[in-house]
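Enquirer: Before anything else, here's the structure in question.
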Amino acid sequence: MDFALSDTERAIRDTARDFITREVMPLEQELLRRERAHRPGLEPDELRELQLKARAFGFWGLATPEAYGGMDLPAVTQSLIWTELGRSYVPFRFGGEADNILFRANEEQQREFLIPTIEGERRSCFAITEPGAGSDAANIRFSARRDGDDWVLNGEKTFITGGNEADFAIVIAVTDREKGARNGGATAFLVDRAMGWRSEFIQTMGEGGPAALVFDDVRVPHRNILGEPGQGFALAMEWIGKGRYTIPSHAVGIAERALRMAIDYATTRQTFGRPIGDNQAIQWMIADSETELEAARWLILRAAWTVDQGMDPRHASSMAKLYGAGMVNRVVDRVLQIHGGMGYTRELPVERWYRQVRLYRIFEGTDEMQRLIIARDLLRGYTRLGGHLA
């Protein structure tokens, strides 16, 4: 059994790390200064400039098929790169990406939505969550009613990431209430903002914020159905599933950077004539953090490996998401404690991480939903104790 990275994986990871170190990290202090002044940390044109620099560097469309100009990287390699992205708190992401289910678009839809999104000319958002249907995604009430060659959409979506900036949305709507969303009664629609929906900013404890999307008799042509009618819930689960190993991959990068800050601080900060790292209480916080970080790393890489092997990744991804999200919250909490009062200020990024990573236990499936999936798989015999080594 070989736990080493391949030469290719190591080379791609190191190249990504070099780019983040040279081009992204130098922006960190300015980002904190802007956010203290209640301004956006990174403007859209600045993000675009960085993405084009990364494209010249060779990074464009990590998951995008080569036919569309992307790198089409294996899931393990993508996981490694997401970890590198997590090392910096600048909200940077590589360009050339599109929602994974957008590749289900037909030829006409690809020209109108997919290709411009990959090229950065359009921005999308994915909308399934509703005020009364968060974790219970099958309980959506947002409706779409057929009217000739159009569908009329009514309802509200909430906590939609990127909804304030998007110029089109992938919206999951109920098209046959008798069947129910899970059994072929929901459909995915591609809806331009110009068709009449509006977004409302939702203030959160983190930087930036999601949106509520409001649809009031918004007419959408039948040709704007993504995939097939009734396929909406399956597409939604496919979209959500990818985040269950990329989110904790990002969390590993945050935890590594934060723990390094804590170690550096513990070796230089002195109280009572000696470094605080000499104190057992500090040592135990560092030891526990490193142990949990390493455990999370292997759960996440195993989930990504499962994807690359063509195996059903849901059980492994749920464990990775559950443990990775909890791990980064515990590590950042300890790092803040080690820094004492300075950790609580906005002069350092620690309090920013503290607010940011709390969301990781909620979006793309709450802790409770991950536990439900893991337990159900075992109780119903969908998987065996010991996983693929059983």
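Chain labels run A, B, ... following the order of the structure tokens; each chain numbers its residues from 1, and ligands are numbered from 1 in the order shown.
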If DSSP is run on the backbone, what residues of range 222-319 of chain A are strand (DSSP E)? A reply as a list in words would be ideal.

Expert: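 Put together, the selection reads Ile225, Leu226, Gln270, Thr271, Arg274 and Pro275 of chain A.
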
Enquirer: Next, the residues of the selection above should be written as a PDB file, in the first residue's frame with N, CA and C atoms.

Expert:
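Generated file (part-v8.pdb):
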```pdb
ATOM      1  N   ILE A 225     -34.951  24.097 -20.274  1.00  0.00           N
ATOM      2  CA  ILE A 225     -34.855  22.985 -19.320  1.00  0.00           C
ATOM      3  C   ILE A 225     -33.473  22.348 -19.450  1.00  0.00           C
ATOM      4  N   LEU A 226     -32.804  22.166 -18.323  1.00  0.00           N
ATOM      5  CA  LEU A 226     -31.500  21.511 -18.298  1.00  0.00           C
ATOM      6  C   LEU A 226     -31.716  20.018 -18.094  1.00  0.00           C
ATOM      7  N   GLN A 270       6.265  35.117  24.597  1.00  0.00           N
ATOM      8  CA  GLN A 270       6.760  34.712  25.914  1.00  0.00           C
ATOM      9  C   GLN A 270       5.884  35.263  27.032  1.00  0.00           C
ATOM     10  N   THR A 271       5.651  34.422  28.012  1.00  0.00           N
ATOM     11  CA  THR A 271       5.014  34.843  29.262  1.00  0.00           C
ATOM     12  C   THR A 271       5.781  34.197  30.408  1.00  0.00           C
ATOM     13  N   ARG A 274       9.280  32.642  29.471  1.00  0.00           N
ATOM     14  CA  ARG A 274       9.530  31.523  28.568  1.00  0.00           C
ATOM     15  C   ARG A 274       8.445  31.485  27.487  1.00  0.00           C
ATOM     16  N   PRO A 275       8.734  30.831  26.332  1.00  0.00           N
ATOM     17  CA  PRO A 275       7.731  30.747  25.264  1.00  0.00           C
ATOM     18  C   PRO A 275       6.481  30.014  25.747  1.00  0.00           C
TER      19      PRO A 275
END
```

Enquirer: Give me the residues within 8 Å of Ala212 in chain A as a PyMOL selection string, counting only C-alpha atoms and dropping any in the same chain fewer than 6 places off.

Expert: chain A and resi 156-160+163+199-202

Enquirer: At a cut-off of 9 Å, using only C-alpha atoms, what residues contact Thr267 in chain A? Leave out same-chain residues fewer than 6 positions from it and give the result as number ranges by chain.

Expert: A: 275-278

Enquirer: Go ahead and compute the interatomic distance for CA of Asp147 in chain A and CA of Leu102 in chain A, in Å to one decimal.

Expert: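 Atom-to-atom, CA of Asp147 in chain A and CA of Leu102 in chain A are spaced 24.7 Å apart.
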
Enquirer: Which residues of range 100-186 of chain A sit at most 12 Å from range 67-76 of chain A, using only C-alpha atoms? Give each one's shortest atom pair and distance in Å (one decimal place), in chain and ascending residue order, as a Markdown table.

Expert:
```
| residue | atom | partner | partner_atom | distance |
| --- | --- | --- | --- | --- |
| A:Asn100 | CA | A:Asp72 | CA | 11.7 |
| A:Phe103 | CA | A:Tyr68 | CA | 9.9 |
| A:Gln110 | CA | A:Tyr68 | CA | 10.4 |
| A:Arg111 | CA | A:Tyr68 | CA | 11.5 |
| A:Leu114 | CA | A:Tyr68 | CA | 9.5 |
| A:Ile115 | CA | A:Tyr68 | CA | 7.7 |
| A:Pro116 | CA | A:Tyr68 | CA | 11.0 |
| A:Thr117 | CA | A:Tyr68 | CA | 11.1 |
| A:Ile118 | CA | A:Tyr68 | CA | 8.1 |
| A:Glu119 | CA | A:Gly69 | CA | 9.4 |
```

Enquirer: Output the selection as a CSV table (one decimal), in the first residue's frame - N, CA and C atoms for each residue.

Expert:
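Once written, out-v1.csv looks like this:
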```csv
chain,number,residue,atom,x,y,z
A,100,ASN,N,-20.9,21.6,-12.4
A,100,ASN,CA,-20.7,20.3,-13.0
A,100,ASN,C,-22.0,19.8,-13.8
A,103,PHE,N,-22.7,20.8,-17.7
A,103,PHE,CA,-22.2,20.0,-18.9
A,103,PHE,C,-23.3,19.1,-19.4
A,110,GLN,N,-25.3,25.0,-24.4
A,110,GLN,CA,-23.8,25.2,-24.2
A,110,GLN,C,-23.3,26.5,-24.8
A,111,ARG,N,-23.8,26.8,-25.9
A,111,ARG,CA,-23.4,28.1,-26.6
A,111,ARG,C,-23.8,29.3,-25.7
A,114,LEU,N,-23.0,27.5,-21.1
A,114,LEU,CA,-21.8,26.8,-20.6
A,114,LEU,C,-20.5,27.5,-21.1
A,115,ILE,N,-20.4,27.7,-22.3
A,115,ILE,CA,-19.1,28.2,-22.9
A,115,ILE,C,-18.8,29.6,-22.3
A,116,PRO,N,-19.8,30.5,-22.3
A,116,PRO,CA,-19.5,31.8,-21.7
A,116,PRO,C,-19.2,31.8,-20.2
A,117,THR,N,-19.7,30.8,-19.5
A,117,THR,CA,-19.4,30.6,-18.1
A,117,THR,C,-17.9,30.1,-17.9
A,118,ILE,N,-17.5,29.2,-18.7
A,118,ILE,CA,-16.2,28.7,-18.7
A,118,ILE,C,-15.2,29.8,-19.0
A,119,GLU,N,-15.5,30.7,-19.9
A,119,GLU,CA,-14.6,31.8,-20.3
A,119,GLU,C,-14.7,33.0,-19.4
```

Enquirer: Leaving out Gln29 in chain A and any residue of its chain fewer than 6 positions from it, which residues lie within 12 Å of it when counting only C-alpha atoms, given as a ChimeraX atom specification?

Expert: /A:35-36,41-42,88-90,346-349

Enquirer: Suppose we keep N, CA, C and O atoms; can you now write the selection as a tab-separated table (two decimals), in the first residue's frame?

Expert:
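File written: selection-v2.tsv
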```tsv
chain	number	residue	atom	x	y	z
A	35	GLU	N	-11.60	44.85	4.37
A	35	GLU	CA	-12.73	44.28	5.11
A	35	GLU	C	-12.95	45.02	6.43
A	35	GLU	O	-14.10	45.14	6.86
A	36	ARG	N	-11.89	45.49	7.06
A	36	ARG	CA	-12.07	46.30	8.27
A	36	ARG	C	-12.79	47.59	7.96
A	36	ARG	O	-13.48	48.16	8.82
A	41	GLY	N	-13.30	42.44	-0.11
A	41	GLY	CA	-11.88	42.12	-0.03
A	41	GLY	C	-11.22	41.97	-1.38
A	41	GLY	O	-10.04	42.30	-1.55
A	42	LEU	N	-11.96	41.48	-2.36
A	42	LEU	CA	-11.42	41.26	-3.70
A	42	LEU	C	-12.48	41.66	-4.71
A	42	LEU	O	-13.58	41.10	-4.74
A	88	SER	N	-4.60	30.36	1.66
A	88	SER	CA	-4.74	31.82	1.67
A	88	SER	C	-6.20	32.18	1.92
A	88	SER	O	-7.11	31.52	1.43
A	89	TYR	N	-6.41	33.23	2.69
A	89	TYR	CA	-7.77	33.66	2.96
A	89	TYR	C	-8.30	34.65	1.93
A	89	TYR	O	-9.41	35.14	2.04
A	90	VAL	N	-7.50	34.95	0.91
A	90	VAL	CA	-8.01	35.71	-0.22
A	90	VAL	C	-9.01	34.82	-0.96
A	90	VAL	O	-8.67	33.68	-1.31
A	346	ARG	N	-9.28	41.94	14.49
A	346	ARG	CA	-9.33	41.85	13.04
A	346	ARG	C	-8.00	42.23	12.40
A	346	ARG	O	-7.91	42.42	11.19
A	347	GLU	N	-6.96	42.34	13.23
A	347	GLU	CA	-5.63	42.56	12.70
A	347	GLU	C	-5.06	41.27	12.11
A	347	GLU	O	-4.19	41.30	11.24
A	348	LEU	N	-5.52	40.14	12.61
A	348	LEU	CA	-5.09	38.83	12.13
A	348	LEU	C	-6.27	38.14	11.44
A	348	LEU	O	-7.43	38.49	11.69
A	349	PRO	N	-6.00	37.15	10.60
A	349	PRO	CA	-7.09	36.47	9.90
A	349	PRO	C	-7.80	35.41	10.73
A	349	PRO	O	-8.76	34.80	10.25
```

Enquirer: Excluding Val307 in chain A and its own-chain neighbours fewer than 3 positions away, which residues fall within 10 Å of it when counting only C-alpha atoms? Please give them as a list in words.

Expert: Pro74, Ala75, Val76, Lys242, Tyr245, Leu301, Arg302, Ala303, Ala304, Gly310, Met311, Asp312, Pro313, Arg314, Ala316 and Ser317 of chain A

Enquirer: Quick one: residues within 9 Å of Glu23 in chain A, only C-alpha atoms, excluding same-chain residues fewer than 5 positions away - as a PDB file with C-alpha atoms, in the first residue's frame?

Expert:
```pdb
ATOM      1  CA  ASP A  18       3.923  28.481  -5.962  1.00  0.00           C
ATOM      2  CA  LEU A  50      -5.625  36.714 -11.118  1.00  0.00           C
ATOM      3  CA  LYS A  53      -2.519  35.052 -14.689  1.00  0.00           C
ATOM      4  CA  ALA A  54      -3.239  31.526 -13.494  1.00  0.00           C
TER       5      ALA A  54
END
```

Enquirer: Taking only C-alpha atoms into account, name the residue in A:Ile263, A:Ile300, A:Val335, A:Leu52 that is nearest to Thr77 in chain A.

Expert: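 So, comparing all the options, the nearest one is A:Ile300.
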
Enquirer: I'd like the interatomic distance between CA of Trp284 in chain A and CA of Arg297 in chain A, to a tenth of an Å.

Expert: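 So the answer is 19.8 Å.
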
Enquirer: If you run DSSP over the backbone, which residues in range 91-303 of chain A end up helix (DSSP H, G or I)? Put them as number ranges by chain.

Expert: A: 100-104, 107-118, 137-139, 181-183, 193-195, 222-224, 232-268, 276-278, 280-303

Enquirer: Please report as a Markdown table every residue of range 187-267 of chain A lying within 12 Å of range 129-132 of chain A, along with the nearest atom pair and their distance in Å (one decimal), using only C-alpha atoms.

Expert:
```
| residue | atom | partner | partner_atom | distance |
| --- | --- | --- | --- | --- |
| A:Pro210 | CA | A:Thr129 | CA | 11.5 |
| A:Ala211 | CA | A:Thr129 | CA | 10.8 |
| A:Ala212 | CA | A:Glu130 | CA | 8.7 |
| A:Leu213 | CA | A:Glu130 | CA | 9.4 |
| A:Val214 | CA | A:Glu130 | CA | 10.5 |
| A:Phe233 | CA | A:Thr129 | CA | 11.8 |
| A:Ala236 | CA | A:Thr129 | CA | 10.3 |
| A:Ile240 | CA | A:Thr129 | CA | 11.2 |
```
